[in-house]
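Note sheet for the following structure.
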Amino acid sequence: MSDISVPPLDLKSLLAPHREKIAAEINEVIDSCYFVLGPKVEAFEAAFSAYCEAAHCVGVNSGTSALHLATRVLGVEPGDEVIVPAYTFASTAWCASYEKATPVFVDIDPATFCLDPKAVEAAITPKTKAVVAVHLYGHPAAMDELRAICDKHGLGLIEDAAQAHGARLNGTRVGNVGDLTCFSFYPTKNLPACGEGGAVVTNSAELDNRLRGLRNHGSFERYYHNEVGFNYRMEAIQGAVLNILLPHIEAWTHARRAQAKRYTEALAGLPVELPQEAPGAESVYHLYTLRMPKRDELIAYLREKGIGTSNHYPRALHLQPCYADLGYKEGSLPESERAAREVINLPIFPSMSEEQQAHVITSIRSFFGS
């Protein structure tokens, strides 16, 4: 075991410089007794929509809730189909299932882990209502192609940017091509809350208004309900924390991109597949993802060296037991299945020291006898 320890993510060191400001903001919320929505959330919504270069932001209590609301306001109903990638977190598919629609799983582009536009177009049927494009691991999906496909077929387009705060494609921030874009502020995300949190970003005033009602029990005036809604409101403490941390996200992204560059340069030539950026894409490297057939052996070796890794996601969604009734089998979506077998995520976080990263690099090269 090495004297140097490198966790997959060190949230404590990331938050340490901001603890006093965070504590002061939380105390302010406690003193105000305005615990749900309110001025702190409104301030964050304004700041985050500006950061995303979009018109509107609606704060909610999780990324999962954000996806559900986005699906609801696009009019997805029982019997509809929603196209989603098979290789992503389960929430991407839950949003269809919550509305008793059918998630239609399609394969990914092996270079980016994002939706393959050709697979999307091939999966469209008369029942298709929407497409959910995930900017997986912080890399933007092929939004221009997906937007053209959705416009051609009259489909809604949702961006799942839970891992992609601030990512750009052809100079445009994610959140400006789809009809709605969903973010998570879960503590492991590039912009973390101190608990759960999420948001929906849109350039549509009509969708923004509907989202605000739905997140608050379908109500704009207390005890008067325009439609059956949800308790998806963001807590004021999370809005306050996010307001403190949002100004630092660009510096954090710069650090992540610099670390990714060092990994890529140092690991070139080894028998692994390294992350790629598509032309025009600027990934925010939520994760730095290697691919290799003997993934589990490397994970065990790095563990012995005091290095933590992660594996997102060890079983593709179309093969999860909860979706067994949809009839997918092994081999149905080969690129998603291969990714599930081969992916290993290396430590990457803004506060990682050069010594820690050097230890990871040296250990991987040692594993391969290099």
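Every chain in the structure tokens has a letter given in the order shown (A, B, ...), and although residue numbers restart at 1 in each chain, ligands are simply numbered from 1 in the order shown.
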
inquiry  = as JSON, numbers by chain, please: every residue in stretch 157-268 of chain A that a backbone DSSP assignment puts in strand (DSSP E or B).
reply    = {"A": [157, 158, 159, 160, 168, 169, 172, 173, 180, 181, 182, 183, 184, 198, 199, 200, 201, 202, 216, 219, 220, 221, 224, 225, 231, 233, 235]}

Can you pull out the residues contacting stretch 166-182 of chain A? Cut-off 9 Å, using only C-alpha atoms, and skip same-chain residues under 6 positions away; I want them as a short mmCIF file (atom, residue, chain, number, x, y, z; two decimals) with C-alpha atoms, in the first residue's frame.
```cif
data_model
loop_
_atom_site.label_atom_id
_atom_site.label_comp_id
_atom_site.auth_asym_id
_atom_site.auth_seq_id
_atom_site.Cartn_x
_atom_site.Cartn_y
_atom_site.Cartn_z
CA TYR A 51 -24.13 30.84 -16.58
CA CYS A 52 -25.87 28.46 -18.99
CA GLU A 53 -26.51 31.39 -21.37
CA ALA A 54 -30.19 30.45 -21.30
CA GLY A 63 -31.82 15.82 -11.15
CA THR A 64 -34.32 12.97 -11.25
CA SER A 65 -37.17 15.39 -10.51
CA ALA A 66 -35.84 17.70 -13.21
CA LEU A 67 -36.03 14.90 -15.79
CA ALA A 70 -39.20 17.92 -18.40
CA LEU A 74 -43.40 17.91 -23.19
CA ALA A 133 -29.74 13.04 -24.94
CA HIS A 135 -23.99 14.48 -22.06
CA GLY A 138 -19.25 15.70 -19.18
CA HIS A 139 -18.95 15.31 -22.97
CA PRO A 140 -21.67 16.99 -25.08
CA ALA A 141 -23.88 14.71 -27.16
CA ALA A 142 -24.22 15.29 -30.92
CA MET A 143 -26.90 17.91 -30.36
CA ASP A 144 -27.01 19.45 -33.84
CA LEU A 146 -30.21 15.13 -32.70
CA ARG A 147 -32.02 18.48 -32.99
CA GLY A 156 -39.34 16.85 -28.05
CA LEU A 157 -35.65 16.94 -27.14
CA ILE A 158 -34.42 16.84 -23.54
CA GLU A 159 -30.78 17.32 -22.58
CA ASP A 160 -29.64 15.36 -19.54
CA GLY A 198 -31.44 19.91 -9.50
CA ALA A 199 -32.64 22.37 -12.11
CA VAL A 200 -34.37 22.59 -15.46
CA VAL A 201 -33.08 25.20 -17.92
CA THR A 202 -35.10 26.35 -20.93
CA ASN A 203 -35.40 29.21 -23.39
CA SER A 204 -39.19 28.86 -23.48
CA LEU A 207 -42.33 25.81 -20.43
CA ILE A 249 -17.10 26.32 -11.44
CA GLU A 250 -15.05 27.78 -14.29
CA THR A 253 -13.53 23.05 -14.96
CA PRO A 279 -14.88 17.98 -33.12
CA GLY A 280 -16.23 21.19 -31.59
CA ALA A 281 -16.85 19.58 -28.18
CA GLU A 282 -15.46 20.88 -24.89
CA SER A 283 -15.90 18.25 -22.20
CA VAL A 284 -15.95 19.26 -18.55
CA TYR A 285 -14.57 15.83 -17.58
#
```

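Omitting A:Thr88 and its sequence neighbours fewer than 2 positions away, and counting only C-alpha atoms, the residues within 9 Å are A:Val84, A:Pro85, A:Ala86, A:Ala90, A:Ser91, A:Thr92, A:Ala93, A:Phe113, A:Cys114, A:Val134, A:Leu136, A:His312, A:Tyr313, A:Ala316, A:Leu317.
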
Per residue of stretch 247-308 of chain A within 12 Å of stretch 11-18 of chain A, record the nearest atom pair and its distance in Å to one decimal, counting only C-alpha atoms, with rows in chain order and ascending residue number, as a Markdown table.
```
| residue | atom | partner | partner_atom | distance |
| --- | --- | --- | --- | --- |
| A:Pro247 | CA | A:His18 | CA | 11.4 |
| A:His248 | CA | A:His18 | CA | 10.0 |
| A:Ile249 | CA | A:Leu14 | CA | 11.2 |
| A:Ala251 | CA | A:Leu14 | CA | 11.8 |
| A:Trp252 | CA | A:Leu14 | CA | 9.3 |
| A:Ala255 | CA | A:Leu14 | CA | 11.8 |
```

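Rounded to one decimal, atom CA of A:Lys152 and atom CA of A:Lys127 lie 14.9 Å from each other.
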
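Residues with any atom within 9 Å of A:Val29, counting only C-alpha atoms and excluding same-chain neighbours fewer than 3 positions away, are Ala24, Glu25, Ile26, Ser32, Cys33, Tyr34, Phe35, Lys40, Ala236, Ile237 and Ala240 of chain A.
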
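Put simply, atom CA of A:Glu354 is 26.4 Å away from atom CA of A:Phe185.
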
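From atom CA of A:Ser363 back to atom CA of A:Glu297, the distance works out to 12.8 Å.
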
request  = Would you return as a PyMOL selection string the members of stretch 143-179 of chain A that DSSP assigns to helix (DSSP H, G or I) on this structure's backbone?
outcome  = chain A and resi 143-153

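When only C-alpha atoms are used to compute distances to A:Leu245, the closest of the residues A:Arg212, A:Cys194, A:Asn226, A:Asp151 turns out to be A:Cys194.
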